[in-house]
Amino acid sequence: RMLSTYVFSSLDPAVASNLEDWWSSGIVLFSHLYTYDGEGNLVPEVAADMPTVSEDGLVYTISLNLDVTFSNGRAVTAEDVKFTFERVLNPATQSWGGPGLGNIAGAAEFSSGEAEEVSGIRIVDESTIEFTLLTPQYTFPAVLTSSTYGIVPMQEVLDAGTDWGTEVLISSGPFYLTEFVPGEKMVYAKNPHYYKEGLPYLDGIEIAMNVDKSVAALRRQGGEAEFVPADSLPPAELVAAQSDESYKEALRLAPSGIITL
């Protein structure tokens, strides 16, 4: 169980931006073409291998891992990948990830409504996708690790309509959504179709949202939560937790990329 004082917007990876929904969609619920391992190395995830790059550095051909499936058991295809990226570039989605794809040929024309599809994203076959860039970009595979580019299932998203991301969510990562109570909690269960054998280790995750900091402190003390972010606790409670020997093995201190002004 995890306690949080943060609000929730959507589990749709294209738009999730608050802390808990961003964390959930970007790490817990969805997989990406590429990700980083525990040592910080860029590795394939939905992709089967690192991309093949043309001599001019403009064309990236990516084969897909045929073992990757969505939480409903359906295999991820190149059609889903193309749809994922075009959906991010569609202004109607209101995704914050669009600018990161600006170097893909035809992205600007698609976003402006001048073209019906992105010319630089091409389906080679069911398990192969091709990206053509405007200028060479060595970091392009790393860009594809961004949380907003989590691979979503095309037909299921279209069928769900406005319910996608809250009432309906078919994921591609280690967990899937089983219960969502607006403003109160999100519950995830282990994805039985996850392609990495033996993972995830947890059977499920429950996030209690909008928990008052004083209540979070009491629940931590009572053992009702396995994880409470430091900024979800009153300052005095955080000091006490850091000096409490019984929490020594559970306490995690690490650098953060978050800048507070």
# chains A, B, ... in the order shown; residues from 1 in each chain; ligands from 1
>>> select_by_dssp(residues="stretch 58-255 of chain A", states="strand (DSSP E)", output="PyMOL selection string")
chain A and resi 59-63+121-125+128-132+175-181+185-190+204-208
>>> residues_around(residues="A:Trp164", least_positions_apart="2", cutoff="12 Å", atoms="only C-alpha atoms", output="list in words")
Ser9, Ser10, Leu11, Asp12, Pro13, Ala14, Val15, Thr93, Val152, Pro153, Met154, Gln155, Glu156, Val157, Leu158, Asp159, Ala160, Gly161, Thr162, Thr166, Glu167, Val168, Leu169, Ile170, Ser171 and Leu177 of chain A
>>> closest_residue(among="A:Val88, A:Ile123, A:Tyr195, A:Ser25", to="A:Arg74", atoms="only C-alpha atoms")
A:Tyr195
>>> select_by_dssp(residues="stretch 22-98 of chain A", states="alpha helix (DSSP H)", output="VMD selection string")
chain A and resid 22 to 23 78 to 89
>>> write_last_selection(atoms="N, CA, C and O atoms", output="mmCIF file, in the first residue's frame")
data_model
loop_
_atom_site.group_PDB
_atom_site.id
_atom_site.type_symbol
_atom_site.label_atom_id
_atom_site.label_comp_id
_atom_site.auth_asym_id
_atom_site.auth_seq_id
_atom_site.Cartn_x
_atom_site.Cartn_y
_atom_site.Cartn_z
ATOM 1 N N TRP A 22 1.576 9.926 -13.179
ATOM 2 C CA TRP A 22 2.771 9.885 -14.033
ATOM 3 C C TRP A 22 3.626 8.667 -13.689
ATOM 4 O O TRP A 22 4.074 7.938 -14.570
ATOM 5 N N TRP A 23 3.841 8.447 -12.391
ATOM 6 C CA TRP A 23 4.630 7.288 -11.945
ATOM 7 C C TRP A 23 3.938 5.992 -12.345
ATOM 8 O O TRP A 23 4.575 5.057 -12.837
ATOM 9 N N ALA A 78 2.863 -3.404 -34.612
ATOM 10 C CA ALA A 78 3.375 -2.147 -35.153
ATOM 11 C C ALA A 78 2.250 -1.131 -35.320
ATOM 12 O O ALA A 78 2.468 0.086 -35.201
ATOM 13 N N GLU A 79 1.045 -1.598 -35.562
ATOM 14 C CA GLU A 79 -0.108 -0.708 -35.686
ATOM 15 C C GLU A 79 -0.368 0.024 -34.368
ATOM 16 O O GLU A 79 -0.680 1.218 -34.358
ATOM 17 N N ASP A 80 -0.216 -0.687 -33.252
ATOM 18 C CA ASP A 80 -0.376 -0.060 -31.934
ATOM 19 C C ASP A 80 0.703 0.985 -31.693
ATOM 20 O O ASP A 80 0.438 2.052 -31.132
ATOM 21 N N VAL A 81 1.928 0.688 -32.114
ATOM 22 C CA VAL A 81 3.043 1.612 -31.920
ATOM 23 C C VAL A 81 2.821 2.885 -32.724
ATOM 24 O O VAL A 81 2.972 4.002 -32.222
ATOM 25 N N LYS A 82 2.461 2.734 -33.988
ATOM 26 C CA LYS A 82 2.198 3.911 -34.838
ATOM 27 C C LYS A 82 1.069 4.744 -34.246
ATOM 28 O O LYS A 82 1.170 5.978 -34.152
ATOM 29 N N PHE A 83 0.014 4.088 -33.824
ATOM 30 C CA PHE A 83 -1.124 4.779 -33.230
ATOM 31 C C PHE A 83 -0.707 5.536 -31.975
ATOM 32 O O PHE A 83 -1.134 6.680 -31.754
ATOM 33 N N THR A 84 0.130 4.914 -31.137
ATOM 34 C CA THR A 84 0.587 5.544 -29.898
ATOM 35 C C THR A 84 1.250 6.880 -30.163
ATOM 36 O O THR A 84 0.934 7.892 -29.523
ATOM 37 N N PHE A 85 2.171 6.904 -31.125
ATOM 38 C CA PHE A 85 2.920 8.133 -31.386
ATOM 39 C C PHE A 85 2.084 9.173 -32.139
ATOM 40 O O PHE A 85 2.198 10.379 -31.863
ATOM 41 N N GLU A 86 1.239 8.744 -33.033
ATOM 42 C CA GLU A 86 0.378 9.701 -33.724
ATOM 43 C C GLU A 86 -0.645 10.296 -32.760
ATOM 44 O O GLU A 86 -1.025 11.461 -32.887
ATOM 45 N N ARG A 87 -1.072 9.509 -31.820
ATOM 46 C CA ARG A 87 -2.025 10.006 -30.820
ATOM 47 C C ARG A 87 -1.383 11.092 -29.964
ATOM 48 O O ARG A 87 -2.034 12.083 -29.611
ATOM 49 N N VAL A 88 -0.121 10.908 -29.597
ATOM 50 C CA VAL A 88 0.584 11.926 -28.829
ATOM 51 C C VAL A 88 0.708 13.217 -29.645
ATOM 52 O O VAL A 88 0.575 14.328 -29.107
ATOM 53 N N LEU A 89 0.926 13.097 -30.944
ATOM 54 C CA LEU A 89 1.093 14.261 -31.809
ATOM 55 C C LEU A 89 -0.230 14.929 -32.183
ATOM 56 O O LEU A 89 -0.236 16.046 -32.695
#
>>> residues_around(residues="A:Ser172", least_positions_apart="2", cutoff="7 Å", atoms="only C-alpha atoms", output="list in words")
Leu29, Phe30, Ser31, Thr69, Phe70, Ser71, Ile151 and Val152 of chain A
>>> write_last_selection(atoms="C-alpha atoms", output="PDB file, in the first residue's frame")
ATOM      1  CA  LEU A  29       1.287   0.160 -16.148  1.00  0.00           C
ATOM      2  CA  PHE A  30       2.914   0.724 -19.544  1.00  0.00           C
ATOM      3  CA  SER A  31       5.985  -0.454 -21.426  1.00  0.00           C
ATOM      4  CA  THR A  69       1.313  -8.429 -24.893  1.00  0.00           C
ATOM      5  CA  PHE A  70      -1.282  -6.113 -23.421  1.00  0.00           C
ATOM      6  CA  SER A  71      -2.992  -6.959 -20.147  1.00  0.00           C
ATOM      7  CA  ILE A 151       2.543   1.836 -25.881  1.00  0.00           C
ATOM      8  CA  VAL A 152      -1.259   1.730 -25.855  1.00  0.00           C
TER       9      VAL A 152
END
>>> residues_around(residues="A:Lys190", least_positions_apart="4", cutoff="10 Å", atoms="only C-alpha atoms", output="PyMOL selection string")
chain A and resi 28-29+71+173-178+194+199-205
>>> write_last_selection(atoms="N, CA and C atoms", output="PDB file, in the first residue's frame")
ATOM      1  N   VAL A  28       4.643   1.612 -13.892  1.00  0.00           N
ATOM      2  CA  VAL A  28       3.886   0.463 -13.400  1.00  0.00           C
ATOM      3  C   VAL A  28       2.983  -0.161 -14.461  1.00  0.00           C
ATOM      4  N   LEU A  29       2.342   0.660 -15.268  1.00  0.00           N
ATOM      5  CA  LEU A  29       1.287   0.160 -16.148  1.00  0.00           C
ATOM      6  C   LEU A  29       1.684  -0.024 -17.609  1.00  0.00           C
ATOM      7  N   SER A  71      -2.448  -6.258 -21.306  1.00  0.00           N
ATOM      8  CA  SER A  71      -2.992  -6.959 -20.147  1.00  0.00           C
ATOM      9  C   SER A  71      -4.225  -7.793 -20.473  1.00  0.00           C
ATOM     10  N   GLY A 173       2.377  -2.989 -19.419  1.00  0.00           N
ATOM     11  CA  GLY A 173       3.472  -3.151 -18.469  1.00  0.00           C
ATOM     12  C   GLY A 173       3.239  -4.255 -17.460  1.00  0.00           C
ATOM     13  N   PRO A 174       3.938  -4.234 -16.335  1.00  0.00           N
ATOM     14  CA  PRO A 174       3.882  -5.325 -15.354  1.00  0.00           C
ATOM     15  C   PRO A 174       2.589  -5.401 -14.536  1.00  0.00           C
ATOM     16  N   PHE A 175       1.801  -4.317 -14.505  1.00  0.00           N
ATOM     17  CA  PHE A 175       0.562  -4.306 -13.737  1.00  0.00           C
ATOM     18  C   PHE A 175      -0.593  -3.796 -14.594  1.00  0.00           C
ATOM     19  N   TYR A 176      -1.819  -4.052 -14.119  1.00  0.00           N
ATOM     20  CA  TYR A 176      -2.988  -3.501 -14.799  1.00  0.00           C
ATOM     21  C   TYR A 176      -3.964  -2.950 -13.759  1.00  0.00           C
ATOM     22  N   LEU A 177      -4.809  -2.033 -14.187  1.00  0.00           N
ATOM     23  CA  LEU A 177      -5.761  -1.388 -13.295  1.00  0.00           C
ATOM     24  C   LEU A 177      -6.937  -2.312 -12.989  1.00  0.00           C
ATOM     25  N   THR A 178      -7.251  -2.483 -11.695  1.00  0.00           N
ATOM     26  CA  THR A 178      -8.407  -3.297 -11.312  1.00  0.00           C
ATOM     27  C   THR A 178      -9.500  -2.471 -10.664  1.00  0.00           C
ATOM     28  N   TYR A 194       2.435 -10.493 -18.521  1.00  0.00           N
ATOM     29  CA  TYR A 194       3.689  -9.754 -18.634  1.00  0.00           C
ATOM     30  C   TYR A 194       4.788 -10.673 -19.164  1.00  0.00           C
ATOM     31  N   LEU A 199       8.379 -11.818 -13.170  1.00  0.00           N
ATOM     32  CA  LEU A 199       8.115 -10.433 -12.778  1.00  0.00           C
ATOM     33  C   LEU A 199       6.669 -10.068 -13.088  1.00  0.00           C
ATOM     34  N   PRO A 200       6.112  -9.123 -12.374  1.00  0.00           N
ATOM     35  CA  PRO A 200       6.680  -8.406 -11.228  1.00  0.00           C
ATOM     36  C   PRO A 200       6.655  -9.260  -9.956  1.00  0.00           C
ATOM     37  N   TYR A 201       7.402  -8.828  -8.971  1.00  0.00           N
ATOM     38  CA  TYR A 201       7.467  -9.571  -7.717  1.00  0.00           C
ATOM     39  C   TYR A 201       6.215  -9.371  -6.869  1.00  0.00           C
ATOM     40  N   LEU A 202       5.630  -8.202  -6.948  1.00  0.00           N
ATOM     41  CA  LEU A 202       4.445  -7.897  -6.153  1.00  0.00           C
ATOM     42  C   LEU A 202       3.186  -8.446  -6.813  1.00  0.00           C
ATOM     43  N   ASP A 203       2.224  -8.846  -6.001  1.00  0.00           N
ATOM     44  CA  ASP A 203       0.930  -9.293  -6.518  1.00  0.00           C
ATOM     45  C   ASP A 203       0.040  -8.112  -6.871  1.00  0.00           C
ATOM     46  N   GLY A 204       0.276  -6.996  -6.234  1.00  0.00           N
ATOM     47  CA  GLY A 204      -0.551  -5.828  -6.516  1.00  0.00           C
ATOM     48  C   GLY A 204      -0.047  -4.592  -5.806  1.00  0.00           C
ATOM     49  N   ILE A 205      -0.614  -3.453  -6.191  1.00  0.00           N
ATOM     50  CA  ILE A 205      -0.275  -2.159  -5.593  1.00  0.00           C
ATOM     51  C   ILE A 205      -1.572  -1.407  -5.339  1.00  0.00           C
TER      52      ILE A 205
END
>>> residues_around(residues="stretch 53-62 of chain A", least_positions_apart="6", cutoff="9 Å", atoms="only C-alpha atoms", output="VMD selection string")
chain A and resid 33 47 120 124 127 to 138 140 to 141
>>> write_last_selection(atoms="N, CA and C atoms", output="PDB file, in the first residue's frame")
ATOM      1  N   LEU A  33       9.101   1.458 -26.067  1.00  0.00           N
ATOM      2  CA  LEU A  33       9.989   0.809 -27.030  1.00  0.00           C
ATOM      3  C   LEU A  33      11.353   0.551 -26.391  1.00  0.00           C
ATOM      4  N   ALA A  47      10.541  -3.017 -27.998  1.00  0.00           N
ATOM      5  CA  ALA A  47      11.436  -3.324 -29.121  1.00  0.00           C
ATOM      6  C   ALA A  47      12.176  -4.624 -28.833  1.00  0.00           C
ATOM      7  N   GLY A 120       6.597  10.093 -41.459  1.00  0.00           N
ATOM      8  CA  GLY A 120       7.843   9.529 -40.949  1.00  0.00           C
ATOM      9  C   GLY A 120       7.666   8.367 -39.995  1.00  0.00           C
ATOM     10  N   VAL A 124       6.286  -1.357 -41.369  1.00  0.00           N
ATOM     11  CA  VAL A 124       6.949  -2.216 -42.349  1.00  0.00           C
ATOM     12  C   VAL A 124       6.199  -3.535 -42.448  1.00  0.00           C
ATOM     13  N   SER A 127       5.357  -6.647 -37.088  1.00  0.00           N
ATOM     14  CA  SER A 127       6.301  -6.580 -35.980  1.00  0.00           C
ATOM     15  C   SER A 127       7.498  -5.665 -36.256  1.00  0.00           C
ATOM     16  N   THR A 128       7.340  -4.751 -37.202  1.00  0.00           N
ATOM     17  CA  THR A 128       8.440  -3.833 -37.531  1.00  0.00           C
ATOM     18  C   THR A 128       7.901  -2.436 -37.793  1.00  0.00           C
ATOM     19  N   ILE A 129       8.489  -1.445 -37.131  1.00  0.00           N
ATOM     20  CA  ILE A 129       8.092  -0.046 -37.307  1.00  0.00           C
ATOM     21  C   ILE A 129       9.314   0.760 -37.741  1.00  0.00           C
ATOM     22  N   GLU A 130       9.084   1.781 -38.553  1.00  0.00           N
ATOM     23  CA  GLU A 130      10.187   2.582 -39.086  1.00  0.00           C
ATOM     24  C   GLU A 130       9.920   4.062 -38.824  1.00  0.00           C
ATOM     25  N   PHE A 131      10.919   4.741 -38.270  1.00  0.00           N
ATOM     26  CA  PHE A 131      10.841   6.185 -38.029  1.00  0.00           C
ATOM     27  C   PHE A 131      11.840   6.890 -38.943  1.00  0.00           C
ATOM     28  N   THR A 132      11.388   7.895 -39.668  1.00  0.00           N
ATOM     29  CA  THR A 132      12.266   8.717 -40.498  1.00  0.00           C
ATOM     30  C   THR A 132      12.345  10.108 -39.899  1.00  0.00           C
ATOM     31  N   LEU A 133      13.562  10.578 -39.654  1.00  0.00           N
ATOM     32  CA  LEU A 133      13.780  11.869 -39.012  1.00  0.00           C
ATOM     33  C   LEU A 133      14.112  12.953 -40.027  1.00  0.00           C
ATOM     34  N   LEU A 134      13.952  14.197 -39.624  1.00  0.00           N
ATOM     35  CA  LEU A 134      14.299  15.326 -40.483  1.00  0.00           C
ATOM     36  C   LEU A 134      15.801  15.587 -40.468  1.00  0.00           C
ATOM     37  N   THR A 135      16.408  15.426 -39.297  1.00  0.00           N
ATOM     38  CA  THR A 135      17.855  15.592 -39.138  1.00  0.00           C
ATOM     39  C   THR A 135      18.383  14.469 -38.252  1.00  0.00           C
ATOM     40  N   PRO A 136      19.633  14.079 -38.406  1.00  0.00           N
ATOM     41  CA  PRO A 136      20.189  13.007 -37.568  1.00  0.00           C
ATOM     42  C   PRO A 136      20.042  13.346 -36.083  1.00  0.00           C
ATOM     43  N   GLN A 137      19.666  12.357 -35.293  1.00  0.00           N
ATOM     44  CA  GLN A 137      19.457  12.566 -33.857  1.00  0.00           C
ATOM     45  C   GLN A 137      19.915  11.317 -33.116  1.00  0.00           C
ATOM     46  N   TYR A 138      21.137  11.346 -32.660  1.00  0.00           N
ATOM     47  CA  TYR A 138      21.731  10.190 -31.991  1.00  0.00           C
ATOM     48  C   TYR A 138      20.942   9.771 -30.757  1.00  0.00           C
ATOM     49  N   PHE A 140      17.742   9.733 -30.345  1.00  0.00           N
ATOM     50  CA  PHE A 140      16.347   9.393 -30.630  1.00  0.00           C
ATOM     51  C   PHE A 140      15.847   8.169 -29.844  1.00  0.00           C
ATOM     52  N   PRO A 141      16.581   7.055 -29.772  1.00  0.00           N
ATOM     53  CA  PRO A 141      16.090   5.912 -28.977  1.00  0.00           C
ATOM     54  C   PRO A 141      15.869   6.271 -27.516  1.00  0.00           C
TER      55      PRO A 141
END
>>> closest_residue(among="A:Gly165, A:Glu45, A:Ile207, A:Glu179", to="A:Ala225", atoms="only C-alpha atoms")
A:Ile207
>>> atom_distance(atom1="atom CA of A:Gly26", atom2="atom CA of A:Thr145")
9.2 Å
>>> closest_residue(among="A:Ser24, A:Val143, A:Val118, A:Gly106", to="A:Tyr188", atoms="only C-alpha atoms")
A:Ser24
>>> decode(residues="stretch 164-175 of chain A", atoms="N, CA, C and O atoms", output="short mmCIF file (atom, residue, chain, number, x, y, z; two decimals), in the first residue's frame")
data_model
loop_
_atom_site.label_atom_id
_atom_site.label_comp_id
_atom_site.auth_asym_id
_atom_site.auth_seq_id
_atom_site.Cartn_x
_atom_site.Cartn_y
_atom_site.Cartn_z
N TRP A 164 -11.25 6.17 -21.61
CA TRP A 164 -9.88 5.68 -21.60
C TRP A 164 -9.04 6.47 -20.59
O TRP A 164 -9.09 7.70 -20.54
N GLY A 165 -8.28 5.74 -19.81
CA GLY A 165 -7.39 6.37 -18.83
C GLY A 165 -7.95 6.42 -17.43
O GLY A 165 -7.21 6.64 -16.47
N THR A 166 -9.27 6.22 -17.30
CA THR A 166 -9.90 6.21 -15.98
C THR A 166 -10.76 4.97 -15.81
O THR A 166 -10.43 4.05 -15.08
N GLU A 167 -11.88 4.92 -16.53
CA GLU A 167 -12.78 3.78 -16.43
C GLU A 167 -12.25 2.55 -17.16
O GLU A 167 -12.51 1.41 -16.79
N VAL A 168 -11.52 2.79 -18.25
CA VAL A 168 -10.97 1.70 -19.07
C VAL A 168 -9.47 1.90 -19.22
O VAL A 168 -9.02 3.00 -19.56
N LEU A 169 -8.71 0.84 -18.98
CA LEU A 169 -7.26 0.94 -19.15
C LEU A 169 -6.70 -0.46 -19.44
O LEU A 169 -6.71 -1.33 -18.58
N ILE A 170 -6.24 -0.66 -20.66
CA ILE A 170 -5.58 -1.90 -21.04
C ILE A 170 -4.09 -1.58 -21.13
O ILE A 170 -3.67 -0.83 -22.00
N SER A 171 -3.30 -2.12 -20.23
CA SER A 171 -1.90 -1.72 -20.12
C SER A 171 -0.96 -2.68 -20.83
O SER A 171 -1.34 -3.77 -21.26
N SER A 172 0.31 -2.26 -20.95
CA SER A 172 1.33 -3.09 -21.61
C SER A 172 2.50 -3.37 -20.68
O SER A 172 3.51 -3.93 -21.10
N GLY A 173 2.38 -2.99 -19.42
CA GLY A 173 3.47 -3.15 -18.47
C GLY A 173 3.24 -4.26 -17.46
O GLY A 173 2.39 -5.13 -17.65
N PRO A 174 3.94 -4.23 -16.33
CA PRO A 174 3.88 -5.33 -15.35
C PRO A 174 2.59 -5.40 -14.54
O PRO A 174 2.31 -6.43 -13.93
N PHE A 175 1.80 -4.32 -14.50
CA PHE A 175 0.56 -4.31 -13.74
C PHE A 175 -0.59 -3.80 -14.59
O PHE A 175 -0.38 -3.19 -15.64
#
